[in-house]
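Enquirer: Input structure: data-v5.cif, which contains mmCIF, C-alpha atoms and all ligand atoms.
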```cif
data_upload
#
loop_
_atom_site.group_PDB
_atom_site.id
_atom_site.type_symbol
_atom_site.label_atom_id
_atom_site.label_comp_id
_atom_site.auth_asym_id
_atom_site.auth_seq_id
_atom_site.Cartn_x
_atom_site.Cartn_y
_atom_site.Cartn_z
ATOM 1 C CA MET I 106 -47.066 -86.266 28.547
ATOM 2 C CA HIS I 107 -50.618 -86.125 27.217
ATOM 3 C CA TYR I 108 -50.397 -84.031 24.052
ATOM 4 C CA THR I 109 -53.249 -84.121 21.511
ATOM 5 C CA GLY I 110 -53.366 -83.003 17.879
ATOM 6 C CA THR I 111 -51.871 -79.647 16.980
ATOM 7 C CA LEU I 112 -49.620 -78.099 19.604
ATOM 8 C CA TYR I 113 -49.191 -74.353 19.338
ATOM 9 C CA ARG I 114 -46.234 -72.881 21.142
ATOM 10 C CA ASN I 115 -45.976 -69.098 21.240
ATOM 11 C CA PRO I 116 -42.555 -68.531 19.592
ATOM 12 C CA TYR I 117 -41.954 -65.506 21.828
ATOM 13 C CA GLU I 118 -42.384 -67.477 25.064
ATOM 14 C CA PRO I 119 -39.145 -68.106 26.923
ATOM 15 C CA PRO I 120 -38.392 -71.831 26.990
ATOM 16 C CA SER I 121 -40.758 -73.373 29.514
ATOM 17 C CA PRO I 122 -42.663 -76.654 29.903
ATOM 18 C CA MET I 123 -46.084 -77.024 28.272
ATOM 19 C CA LEU I 124 -48.973 -78.557 30.176
ATOM 20 C CA GLU I 125 -52.047 -79.495 28.117
ATOM 21 C CA ILE I 126 -55.245 -78.715 29.999
ATOM 22 C CA THR I 127 -57.733 -78.695 27.108
ATOM 23 C CA GLN I 128 -57.868 -80.295 23.686
ATOM 24 C CA GLY I 129 -59.278 -78.647 20.587
ATOM 25 C CA CYS I 130 -61.075 -75.301 20.454
ATOM 26 C CA THR I 131 -64.414 -74.369 22.017
ATOM 27 C CA HIS I 132 -65.341 -72.355 18.911
ATOM 28 C CA ASN I 133 -63.621 -74.182 16.033
ATOM 29 C CA ALA I 134 -65.508 -72.071 13.499
ATOM 30 C CA CYS I 135 -63.309 -69.132 12.454
ATOM 31 C CA LYS I 136 -63.392 -69.126 8.663
ATOM 32 C CA PHE I 137 -59.616 -68.900 8.215
ATOM 33 C CA CYS I 138 -58.584 -71.625 10.664
ATOM 34 C CA THR I 139 -58.250 -75.404 10.438
ATOM 35 C CA MET I 140 -55.851 -75.803 13.340
ATOM 36 C CA TYR I 141 -58.119 -77.920 15.521
ATOM 37 C CA LYS I 142 -60.628 -79.058 12.886
ATOM 38 C CA ASP I 143 -60.250 -82.747 13.673
ATOM 39 C CA VAL I 144 -59.833 -82.440 17.441
ATOM 40 C CA PRO I 145 -63.145 -82.324 19.341
ATOM 41 C CA PHE I 146 -63.034 -79.931 22.261
ATOM 42 C CA ARG I 147 -62.683 -81.430 25.683
ATOM 43 C CA MET I 148 -61.087 -80.594 28.986
ATOM 44 C CA SER I 149 -58.184 -82.795 29.936
ATOM 45 C CA PRO I 150 -59.109 -85.104 32.815
ATOM 46 C CA LEU I 151 -57.521 -83.851 36.034
ATOM 47 C CA GLU I 152 -55.816 -87.244 36.436
ATOM 48 C CA TRP I 153 -53.944 -86.570 33.164
ATOM 49 C CA VAL I 154 -53.020 -83.091 34.352
ATOM 50 C CA GLU I 155 -51.635 -84.552 37.580
ATOM 51 C CA GLU I 156 -49.716 -87.263 35.735
ATOM 52 C CA ASP I 157 -48.142 -84.638 33.465
ATOM 53 C CA LEU I 158 -47.280 -82.366 36.377
ATOM 54 C CA ARG I 159 -45.564 -85.284 38.081
ATOM 55 C CA GLU I 160 -43.595 -85.908 34.887
ATOM 56 C CA ILE I 161 -42.545 -82.248 34.568
ATOM 57 C CA ALA I 162 -41.570 -82.234 38.252
ATOM 58 C CA SER I 163 -39.335 -85.262 37.625
ATOM 59 C CA TRP I 164 -37.165 -83.440 35.040
ATOM 60 C CA ALA I 165 -37.748 -79.735 35.764
ATOM 61 C CA PRO I 166 -38.648 -79.442 39.451
ATOM 62 C CA ASP I 167 -37.566 -75.789 39.605
ATOM 63 C CA THR I 168 -39.910 -74.652 36.818
ATOM 64 C CA ARG I 169 -40.890 -71.028 37.363
ATOM 65 C CA ARG I 170 -42.867 -70.416 34.183
ATOM 66 C CA LEU I 171 -45.417 -72.768 32.655
ATOM 67 C CA GLN I 172 -47.428 -72.655 29.433
ATOM 68 C CA LEU I 173 -50.925 -74.051 29.783
ATOM 69 C CA ILE I 174 -51.854 -75.287 26.337
ATOM 70 C CA GLY I 175 -54.903 -75.970 24.211
ATOM 71 C CA ALA I 176 -56.575 -73.590 21.729
ATOM 72 C CA ASP I 177 -58.396 -71.634 24.429
ATOM 73 C CA PRO I 178 -57.889 -73.223 27.844
ATOM 74 C CA PHE I 179 -58.975 -70.006 29.550
ATOM 75 C CA CYS I 180 -62.552 -71.086 28.656
ATOM 76 C CA MET I 181 -62.631 -73.148 31.835
ATOM 77 C CA SER I 182 -64.719 -72.072 34.771
ATOM 78 C CA PHE I 183 -63.048 -70.214 37.594
ATOM 79 C CA SER I 184 -63.322 -73.217 39.895
ATOM 80 C CA ARG I 185 -61.597 -75.577 37.443
ATOM 81 C CA LEU I 186 -58.797 -73.128 36.671
ATOM 82 C CA ASP I 187 -58.420 -72.479 40.389
ATOM 83 C CA ARG I 188 -58.105 -76.244 40.964
ATOM 84 C CA ILE I 189 -55.487 -76.473 38.204
ATOM 85 C CA CYS I 190 -53.488 -73.613 39.793
ATOM 86 C CA ASP I 191 -53.499 -75.519 43.085
ATOM 87 C CA LEU I 192 -52.306 -78.696 41.368
ATOM 88 C CA VAL I 193 -49.531 -76.771 39.607
ATOM 89 C CA HIS I 194 -48.295 -75.332 42.905
ATOM 90 C CA GLN I 195 -48.558 -78.721 44.599
ATOM 91 C CA TYR I 196 -46.211 -80.371 42.079
ATOM 92 C CA LEU I 197 -44.171 -77.344 40.959
ATOM 93 C CA PRO I 198 -43.939 -75.019 43.961
ATOM 94 C CA GLN I 199 -41.547 -72.600 42.218
ATOM 95 C CA VAL I 200 -44.024 -71.672 39.456
ATOM 96 C CA LYS I 201 -44.682 -67.933 39.487
ATOM 97 C CA ILE I 202 -46.066 -67.329 35.977
ATOM 98 C CA MET I 203 -48.585 -69.267 33.927
ATOM 99 C CA THR I 204 -49.498 -68.159 30.401
ATOM 100 C CA MET I 205 -52.043 -69.432 27.887
ATOM 101 C CA ALA I 206 -53.995 -68.660 24.738
ATOM 102 C CA ALA I 207 -57.525 -67.332 25.090
ATOM 103 C CA ARG I 208 -60.519 -66.195 23.135
ATOM 104 C CA VAL I 209 -62.033 -62.868 24.149
ATOM 105 C CA ASP I 210 -65.233 -64.609 25.209
ATOM 106 C CA ASN I 211 -63.306 -66.936 27.530
ATOM 107 C CA VAL I 212 -63.178 -64.063 30.042
ATOM 108 C CA LYS I 213 -66.976 -63.697 30.193
ATOM 109 C CA ASN I 214 -67.656 -66.514 32.650
ATOM 110 C CA LYS I 215 -65.367 -65.040 35.344
ATOM 111 C CA THR I 216 -65.856 -62.055 37.630
ATOM 112 C CA VAL I 217 -63.076 -59.527 38.205
ATOM 113 C CA GLU I 218 -62.671 -60.897 41.724
ATOM 114 C CA GLU I 219 -62.232 -64.436 40.374
ATOM 115 C CA LEU I 220 -59.730 -63.167 37.801
ATOM 116 C CA ARG I 221 -57.804 -61.472 40.608
ATOM 117 C CA ILE I 222 -57.590 -64.734 42.511
ATOM 118 C CA LEU I 223 -56.260 -66.502 39.411
ATOM 119 C CA ARG I 224 -53.726 -63.704 38.947
ATOM 120 C CA GLU I 225 -52.551 -64.065 42.552
ATOM 121 C CA LYS I 226 -52.086 -67.772 41.915
ATOM 122 C CA GLY I 227 -49.832 -67.055 38.932
ATOM 123 C CA MET I 228 -52.124 -66.782 35.885
ATOM 124 C CA ALA I 229 -50.237 -63.743 34.710
ATOM 125 C CA GLU I 230 -50.782 -63.455 30.964
ATOM 126 C CA VAL I 231 -53.203 -64.521 28.236
ATOM 127 C CA ASN I 232 -52.671 -64.349 24.493
ATOM 128 C CA LEU I 233 -55.915 -63.092 22.946
ATOM 129 C CA GLY I 234 -56.427 -64.045 19.313
ATOM 130 C CA VAL I 235 -58.551 -60.962 18.700
ATOM 131 C CA GLU I 236 -57.919 -60.677 14.909
ATOM 132 C CA SER I 237 -60.025 -57.528 14.324
ATOM 133 C CA GLY I 238 -61.803 -54.723 16.138
ATOM 134 C CA ASP I 239 -64.223 -54.218 13.255
ATOM 135 C CA ASP I 240 -67.686 -55.713 13.715
ATOM 136 C CA TRP I 241 -68.279 -56.319 9.999
ATOM 137 C CA THR I 242 -65.023 -58.251 9.797
ATOM 138 C CA LEU I 243 -65.592 -60.171 13.029
ATOM 139 C CA GLU I 244 -68.953 -61.338 11.697
ATOM 140 C CA ARG I 245 -67.538 -62.044 8.238
ATOM 141 C CA ILE I 246 -64.935 -64.419 9.651
ATOM 142 C CA ASN I 247 -67.369 -65.899 12.194
ATOM 143 C CA LYS I 248 -65.184 -64.950 15.143
ATOM 144 C CA GLY I 249 -68.059 -65.242 17.598
ATOM 145 C CA TYR I 250 -67.834 -61.879 19.380
ATOM 146 C CA HIS I 251 -67.979 -58.165 18.666
ATOM 147 C CA ALA I 252 -65.827 -55.100 19.308
ATOM 148 C CA ALA I 253 -67.858 -54.200 22.415
ATOM 149 C CA ASP I 254 -66.962 -57.606 23.897
ATOM 150 C CA ILE I 255 -63.258 -56.897 23.318
ATOM 151 C CA LEU I 256 -63.510 -53.652 25.290
ATOM 152 C CA GLU I 257 -65.633 -55.147 28.065
ATOM 153 C CA GLN I 258 -63.547 -58.273 28.624
ATOM 154 C CA THR I 259 -60.102 -56.651 28.363
ATOM 155 C CA ARG I 260 -61.258 -54.082 30.924
ATOM 156 C CA LYS I 261 -61.887 -56.950 33.337
ATOM 157 C CA LEU I 262 -58.370 -58.279 32.677
ATOM 158 C CA ASP I 263 -56.980 -54.770 33.313
ATOM 159 C CA GLN I 264 -58.826 -54.555 36.623
ATOM 160 C CA ALA I 265 -57.572 -57.979 37.676
ATOM 161 C CA GLY I 266 -53.959 -57.220 36.667
ATOM 162 C CA ILE I 267 -53.787 -60.029 34.092
ATOM 163 C CA ALA I 268 -51.571 -58.985 31.174
ATOM 164 C CA TYR I 269 -52.721 -59.734 27.646
ATOM 165 C CA TRP I 270 -51.451 -59.825 24.088
ATOM 166 C CA MET I 271 -53.765 -58.874 21.233
ATOM 167 C CA THR I 272 -53.396 -60.093 17.657
ATOM 168 C CA PHE I 273 -54.389 -58.271 14.471
ATOM 169 C CA LEU I 274 -54.938 -60.520 11.456
ATOM 170 C CA ASN I 275 -53.733 -58.535 8.477
ATOM 171 C CA GLY I 276 -55.767 -59.179 5.316
ATOM 172 C CA VAL I 277 -58.649 -61.094 6.873
ATOM 173 C CA ALA I 278 -61.321 -58.601 5.752
ATOM 174 C CA GLY I 279 -60.309 -58.988 2.122
ATOM 175 C CA ARG I 280 -60.265 -56.101 -0.298
ATOM 176 C CA GLU I 281 -63.878 -55.204 0.369
ATOM 177 C CA HIS I 282 -63.366 -54.051 3.920
ATOM 178 C CA SER I 283 -59.617 -53.654 4.370
ATOM 179 C CA ARG I 284 -59.669 -49.987 5.314
ATOM 180 C CA GLU I 285 -62.385 -50.368 7.952
ATOM 181 C CA HIS I 286 -60.653 -53.456 9.371
ATOM 182 C CA ALA I 287 -57.421 -51.496 9.841
ATOM 183 C CA LEU I 288 -58.987 -48.313 11.202
ATOM 184 C CA HIS I 289 -61.557 -49.896 13.504
ATOM 185 C CA SER I 290 -59.038 -52.404 14.831
ATOM 186 C CA ALA I 291 -56.587 -49.614 15.630
ATOM 187 C CA GLU I 292 -59.372 -47.670 17.324
ATOM 188 C CA ILE I 293 -60.508 -50.594 19.500
ATOM 189 C CA PHE I 294 -56.984 -51.863 20.293
ATOM 190 C CA SER I 295 -55.991 -48.310 21.299
ATOM 191 C CA GLN I 296 -58.701 -48.295 23.959
ATOM 192 C CA CYS I 297 -57.234 -51.450 25.523
ATOM 193 C CA HIS I 298 -53.938 -51.935 27.378
ATOM 194 C CA PRO I 299 -52.188 -54.898 25.758
ATOM 195 C CA THR I 300 -48.581 -55.578 26.691
ATOM 196 C CA VAL I 301 -47.999 -56.805 23.155
ATOM 197 C CA VAL I 302 -49.787 -56.247 19.851
ATOM 198 C CA GLY I 303 -48.872 -59.011 17.430
ATOM 199 C CA THR I 304 -49.759 -59.012 13.748
ATOM 200 C CA GLY I 305 -50.007 -61.973 11.432
ATOM 201 C CA GLY I 306 -50.835 -62.047 7.734
ATOM 202 C CA LEU I 307 -53.746 -64.066 6.354
ATOM 203 C CA THR I 308 -52.870 -67.200 4.435
ATOM 204 C CA LEU I 309 -55.742 -69.079 2.796
ATOM 205 C CA PHE I 310 -55.144 -72.669 3.879
ATOM 206 C CA PRO I 311 -56.749 -75.713 2.207
ATOM 207 C CA GLY I 312 -59.899 -76.750 4.054
ATOM 208 C CA THR I 313 -60.829 -73.267 5.239
ATOM 209 C CA PRO I 314 -64.227 -71.780 4.338
ATOM 210 C CA LEU I 315 -62.455 -68.555 3.392
ATOM 211 C CA LEU I 316 -60.439 -70.328 0.677
ATOM 212 C CA GLU I 317 -63.659 -71.843 -0.686
ATOM 213 C CA GLU I 318 -65.239 -68.389 -0.705
ATOM 214 C CA ALA I 319 -62.212 -67.005 -2.531
ATOM 215 C CA ARG I 320 -62.526 -69.775 -5.153
ATOM 216 C CA ARG I 321 -66.195 -68.891 -5.652
ATOM 217 C CA GLY I 322 -65.273 -65.217 -6.009
ATOM 218 C CA GLU I 323 -67.022 -64.250 -2.763
ATOM 219 C CA PHE I 324 -63.820 -63.225 -0.955
ATOM 220 C CA GLU I 325 -61.146 -61.146 -2.623
ATOM 221 C CA PRO I 326 -57.758 -61.591 -0.927
ATOM 222 C CA LEU I 327 -55.346 -58.686 -0.690
ATOM 223 C CA THR I 328 -52.135 -58.672 -2.678
ATOM 224 C CA GLU I 329 -48.892 -58.547 -0.683
ATOM 225 C CA LYS I 330 -48.691 -54.816 -1.395
ATOM 226 C CA GLU I 331 -52.237 -54.261 -0.166
ATOM 227 C CA MET I 332 -51.463 -56.311 2.954
ATOM 228 C CA LEU I 333 -48.565 -53.993 3.720
ATOM 229 C CA GLU I 334 -50.724 -50.936 3.073
ATOM 230 C CA GLU I 335 -53.374 -52.250 5.458
ATOM 231 C CA LEU I 336 -50.737 -53.025 8.095
ATOM 232 C CA LYS I 337 -49.282 -49.542 7.721
ATOM 233 C CA LEU I 338 -52.732 -47.963 8.139
ATOM 234 C CA PHE I 339 -53.261 -50.051 11.274
ATOM 235 C CA ALA I 340 -49.852 -49.081 12.713
ATOM 236 C CA GLU I 341 -50.335 -45.406 11.890
ATOM 237 C CA ASN I 342 -53.569 -45.304 13.842
ATOM 238 C CA LEU I 343 -52.578 -47.571 16.728
ATOM 239 C CA ASN I 344 -51.898 -45.751 19.986
ATOM 240 C CA CYS I 345 -51.038 -48.450 22.470
ATOM 241 C CA ASP I 346 -48.130 -48.239 24.854
ATOM 242 C CA CYS I 347 -47.072 -51.797 24.077
ATOM 243 C CA ALA I 348 -44.509 -53.982 22.373
ATOM 244 C CA PHE I 349 -45.148 -54.628 18.688
ATOM 245 C CA ILE I 350 -44.528 -57.858 16.827
ATOM 246 C CA THR I 351 -44.814 -58.322 13.109
ATOM 247 C CA HIS I 352 -43.346 -60.834 10.717
ATOM 248 C CA HIS I 353 -44.920 -59.149 7.790
ATOM 249 C CA THR I 354 -42.195 -56.986 6.427
ATOM 250 C CA ILE I 355 -39.659 -57.366 3.716
ATOM 251 C CA SER I 356 -37.947 -54.113 4.505
ATOM 252 C CA GLY I 357 -35.040 -55.753 6.284
ATOM 253 C CA ALA I 358 -35.692 -53.534 9.316
ATOM 254 C CA ASN I 359 -36.519 -55.351 12.508
ATOM 255 C CA LEU I 360 -39.932 -53.982 13.438
ATOM 256 C CA THR I 361 -40.450 -56.309 16.361
ATOM 257 C CA GLY I 362 -39.641 -54.978 19.813
ATOM 258 C CA PRO I 363 -40.738 -52.971 22.839
ATOM 259 C CA ASP I 364 -41.928 -49.344 22.951
ATOM 260 C CA PHE I 365 -44.261 -49.268 19.949
ATOM 261 C CA LEU I 366 -45.130 -45.590 20.448
ATOM 262 C CA GLY I 367 -41.448 -44.591 20.611
ATOM 263 C CA ARG I 368 -40.711 -46.551 17.401
ATOM 264 C CA LYS I 369 -43.983 -45.912 15.583
ATOM 265 C CA GLU I 370 -42.594 -43.461 13.049
ATOM 266 C CA LYS I 371 -39.742 -45.830 12.212
ATOM 267 C CA ILE I 372 -42.136 -48.769 11.856
ATOM 268 C CA VAL I 373 -44.474 -46.830 9.556
ATOM 269 C CA ALA I 374 -41.531 -45.603 7.460
ATOM 270 C CA ALA I 375 -40.154 -49.140 7.153
ATOM 271 C CA LEU I 376 -43.543 -50.422 6.029
ATOM 272 C CA GLN I 377 -43.733 -47.645 3.433
ATOM 273 C CA ASN I 378 -40.276 -48.610 2.249
ATOM 274 C CA SER I 379 -41.441 -52.209 1.857
ATOM 275 C CA ILE I 380 -44.473 -51.023 -0.099
ATOM 276 C CA ASP I 381 -42.279 -48.962 -2.422
ATOM 277 C CA HIS I 382 -39.232 -51.187 -2.810
ATOM 278 C CA GLY I 383 -39.941 -54.611 -1.296
ATOM 279 C CA ASP I 384 -39.642 -57.909 -3.124
ATOM 280 C CA LEU I 385 -43.379 -58.599 -3.113
ATOM 281 C CA GLU I 386 -43.044 -61.709 -5.306
ATOM 282 C CA ARG I 387 -40.747 -63.294 -2.785
ATOM 283 C CA MET I 388 -43.163 -62.444 0.020
ATOM 284 C CA ALA I 389 -46.053 -64.037 -1.887
ATOM 285 C CA ALA I 390 -43.953 -67.170 -2.464
ATOM 286 C CA ILE I 391 -43.173 -67.413 1.255
ATOM 287 C CA ARG I 392 -46.885 -67.091 2.039
ATOM 288 C CA ARG I 393 -47.804 -69.770 -0.519
ATOM 289 C CA GLY I 394 -45.330 -72.101 1.187
ATOM 290 C CA LYS I 395 -46.900 -71.718 4.623
ATOM 291 C CA ARG I 396 -48.682 -74.805 5.916
ATOM 292 C CA THR I 397 -50.192 -73.590 9.161
ATOM 293 C CA LEU I 398 -51.105 -70.433 11.082
HETATM 294 S S1 LIG C 401 -58.659 -69.078 15.256
HETATM 295 FE FE1 LIG C 401 -58.589 -69.722 17.400
HETATM 296 S S2 LIG C 401 -60.709 -69.478 18.125
HETATM 297 FE FE2 LIG C 401 -60.801 -69.506 15.891
HETATM 298 S S3 LIG C 401 -61.190 -71.648 15.364
HETATM 299 FE FE3 LIG C 401 -58.954 -71.334 15.275
HETATM 300 S S4 LIG C 401 -58.226 -71.930 17.311
HETATM 301 FE FE4 LIG C 401 -60.456 -71.633 17.467
#
```
Is it possible to give me this structure as structure tokens?

Expert:
Amino acid sequence: MHYTGTLYRNPYEPPSPMLEITQGCTHNACKFCTMYKDVPFRMSPLEWVEEDLREIASWAPDTRRLQLIGADPFCMSFSRLDRICDLVHQYLPQVKIMTMAARVDNVKNKTVEELRILREKGMAEVNLGVESGDDWTLERINKGYHAADILEQTRKLDQAGIAYWMTFLNGVAGREHSREHALHSAEIFSQCHPTVVGTGGLTLFPGTPLLEEARRGEFEPLTEKEMLEELKLFAENLNCDCAFITHHTISGANLTGPDFLGRKEKIVAALQNSIDHGDLERMAAIRRGKRTL
């Protein structure tokens, strides 16, 4: 298989083969991320894609679900993605569902009609690393798009029937803008129709511009308690009929699962319990030990 640099596998994906179709990230400039720093973006040659499909077909010919990998492979033009769908079905005729990571602006270069065609060919779900719905924060972290783009592009996915996850990056606005980050993100996410809202907590990794800014005193990270308070504010104001995933709790309650709206009160109460009684030192130690997103 042709695998390059960092491989990110969504831990919530059912076990399924991974087919690399791009390397690196088209943007590679978010201030908190070093994941693909040393991997120049490029599309995998179609000959490689075919070779890998042949290999998957040799050991898993009945594959029904396939992960297309790369930081944001959905950046490809409609015609290239369409060609890749055809290759997938040629070598793996049982494939019904293809999933991949995407940036919000990856959707821009495709019409709703083109998205519908991709959906019919099995491109069923994209994982959008949105991070925030707050324009100040999106600019601060150099995300490369604004809240209006999130609304516009997810609407196109809705119309085409392509499901999407949305992530909220807890803590990424720092202390200065935490409240607005939580409230505006909840407001924008609530106007979309994600199947899953996933939350991750900011860790300042070596090599990231945000860590350098923190060292210079230009970015003030949240404490673990403030992270939980921000997450609680986000959850309180989120009104999406979706599943909810968060690793950021020390309450002992399992907050991850379907039916966010049905469980919202329980989730908010568990977060409050963590704020009041959680082992925040232990949480900070776990975060310090993290090596990658
Ligand atoms: S967070 Fe995603 S879009 Fe931003 S640089 Fe990292 S891989 Fe690229």

Enquirer: Could you tell me which residues the PyMOL selection byres (((not hetatm)) within 7 of (chain C and resi 401)) returns for this structure, as a list in words?

Expert: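 Evaluating the PyMOL selection byres (((not hetatm)) within 7 of (chain C and resi 401)) on these coordinates yields Cys130, Thr131, His132, Asn133, Ala134, Cys135, Cys138, Thr139, Met140, Tyr141, Ala176, Arg208, Gly234 and Lys248 of chain I.
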
Enquirer: Could you check which residues have any atom within 8 Å of (-52.1, -48.2, 16.4), counting only C-alpha atoms with coordinates taken straight from the file, and then list them as a ChimeraX atom specification?

Expert: /I:291-292,294-295,339-345

Enquirer: Go ahead and write the selection's residues with C-alpha atoms as a PDB file, keeping the file's coordinate frame.

Expert:
```
ATOM      1  CA  ALA I 291     -56.587 -49.614  15.630  1.00  0.00           C
ATOM      2  CA  GLU I 292     -59.372 -47.670  17.324  1.00  0.00           C
ATOM      3  CA  PHE I 294     -56.984 -51.863  20.293  1.00  0.00           C
ATOM      4  CA  SER I 295     -55.991 -48.310  21.299  1.00  0.00           C
ATOM      5  CA  PHE I 339     -53.261 -50.051  11.274  1.00  0.00           C
ATOM      6  CA  ALA I 340     -49.852 -49.081  12.713  1.00  0.00           C
ATOM      7  CA  GLU I 341     -50.335 -45.406  11.890  1.00  0.00           C
ATOM      8  CA  ASN I 342     -53.569 -45.304  13.842  1.00  0.00           C
ATOM      9  CA  LEU I 343     -52.578 -47.571  16.728  1.00  0.00           C
ATOM     10  CA  ASN I 344     -51.898 -45.751  19.986  1.00  0.00           C
ATOM     11  CA  CYS I 345     -51.038 -48.450  22.470  1.00  0.00           C
TER      12      CYS I 345
END
```

Enquirer: One decimal, Å: what's the distance from CA of Tyr196 in chain I over to CA of Val154 in chain I, could you say?

Expert: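 We find that CA of Tyr196 in chain I and CA of Val154 in chain I lie 10.7 Å from each other.
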
Enquirer: Running the PyMOL selection byres (((chain I and resi 303-306) around 7) and not hetatm) on this model by hand, what would come out? Give it as a PyMOL selection string.

Expert: chain I and resi 271-276+301-302+307-308+349-353

Enquirer: Applying the PyMOL selection byres (((chain I and resi 228) around 9) and not hetatm) to the file I just gave you, which residues come out? Please list them as a ChimeraX atom specification.

Expert: /I:190,201-205,220,222-227,229-231,267

Enquirer: My list of candidates is I:His289, I:Thr216, I:Val277, I:Ile189. Which is closest to Ala265 in chain I when distances are computed with all atoms listed in the file?

Expert: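 Closest candidate: I:Thr216.
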
Enquirer: Kindly give the distance, in Å, that separates CA of Leu171 in chain I and CA of Arg147 in chain I, rounded to a single decimal.

Expert: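 Pair CA of Leu171 in chain I / CA of Arg147 in chain I returns 20.5 Å.
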
Enquirer: State, in Å with one decimal place, the distance from CA of Pro122 in chain I to CA of Thr300 in chain I.

Expert: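 Interatomic distance here is 22.1 Å.
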
Enquirer: Pull the neighbourhood of (-44.4, -44.8, 6.9) for me: all residues within 12 Å in file coordinates, counting only C-alpha atoms, as a VMD selection string.

Expert: chain I and resid 333 to 342 356 368 to 381

Enquirer: Can I get the selection written as a short mmCIF file (atom, residue, chain, number, x, y, z; two decimals), in the coordinates of the input, with C-alpha atoms?

Expert:
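And here's selection29.cif as it stands now:
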```
data_model
loop_
_atom_site.label_atom_id
_atom_site.label_comp_id
_atom_site.auth_asym_id
_atom_site.auth_seq_id
_atom_site.Cartn_x
_atom_site.Cartn_y
_atom_site.Cartn_z
CA LEU I 333 -48.56 -53.99 3.72
CA GLU I 334 -50.72 -50.94 3.07
CA GLU I 335 -53.37 -52.25 5.46
CA LEU I 336 -50.74 -53.02 8.10
CA LYS I 337 -49.28 -49.54 7.72
CA LEU I 338 -52.73 -47.96 8.14
CA PHE I 339 -53.26 -50.05 11.27
CA ALA I 340 -49.85 -49.08 12.71
CA GLU I 341 -50.34 -45.41 11.89
CA ASN I 342 -53.57 -45.30 13.84
CA SER I 356 -37.95 -54.11 4.50
CA ARG I 368 -40.71 -46.55 17.40
CA LYS I 369 -43.98 -45.91 15.58
CA GLU I 370 -42.59 -43.46 13.05
CA LYS I 371 -39.74 -45.83 12.21
CA ILE I 372 -42.14 -48.77 11.86
CA VAL I 373 -44.47 -46.83 9.56
CA ALA I 374 -41.53 -45.60 7.46
CA ALA I 375 -40.15 -49.14 7.15
CA LEU I 376 -43.54 -50.42 6.03
CA GLN I 377 -43.73 -47.64 3.43
CA ASN I 378 -40.28 -48.61 2.25
CA SER I 379 -41.44 -52.21 1.86
CA ILE I 380 -44.47 -51.02 -0.10
CA ASP I 381 -42.28 -48.96 -2.42
#
```

Enquirer: Which residue gives the smallest distance to Met106 in chain I among I:Cys180, I:Met388, I:Met123, I:Leu316, with only C-alpha atoms counted?

Expert: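 Result for the nearest residue to Met106 in chain I: I:Met123.
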
Enquirer: With only C-alpha atoms as the atoms that count, which of I:Ala253, I:Ala207, I:Leu366, I:Val212 lies nearest to Gln296 in chain I?

Expert: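 Closest to Gln296 in chain I, using only C-alpha atoms: I:Ala253.
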
Enquirer: Identify which of the residues I:Leu288, I:Leu173, I:Val144, I:Ile126 lies closest to Thr111 in chain I, counting only C-alpha atoms when measuring atom-to-atom distances.

Expert: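 Residue with the minimum atom-to-atom distance to Thr111 in chain I: I:Val144.
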
Enquirer: With 8 Å as the cut-off and all atoms listed in the file counted, what is the closest atom pair between each nearby residue of range 186-289 of chain I and range 155-168 of chain I? Distances in Å to one decimal, ordered by chain and number, as a Markdown table.

Expert:
```
| residue | atom | partner | partner_atom | distance |
| --- | --- | --- | --- | --- |
| I:Leu192 | CA | I:Glu155 | CA | 7.0 |
| I:Val193 | CA | I:Leu158 | CA | 6.8 |
| I:Tyr196 | CA | I:Leu158 | CA | 6.1 |
| I:Leu197 | CA | I:Pro166 | CA | 6.1 |
| I:Pro198 | CA | I:Asp167 | CA | 7.8 |
| I:Gln199 | CA | I:Asp167 | CA | 5.7 |
| I:Val200 | CA | I:Thr168 | CA | 5.7 |
```

Enquirer: Considering all atoms listed in the file, can you say which of I:Gly175, I:Pro145, I:Gly110, I:Pro363 comes closest to Thr127 in chain I?

Expert: I:Gly175

Enquirer: What's the 12 Å shell around His298 in chain I, counting only C-alpha atoms, without same-chain residues fewer than 5 positions away, as a list in words?

Expert: Ile255, Leu256, Gln258, Thr259, Arg260, Lys261, Leu262, Asp263, Gln264, Gly266, Ile267, Ala268, Tyr269, Trp270, Met271, Ile293, Leu343, Asn344, Cys345, Asp346, Cys347 and Ala348 of chain I

Enquirer: Can you work out which one of I:Phe183, I:Tyr113, I:Phe137, I:Trp153 has the shortest atom-to-atom distance to Phe324 in chain I, counting all atoms listed in the file?

Expert: I:Phe137
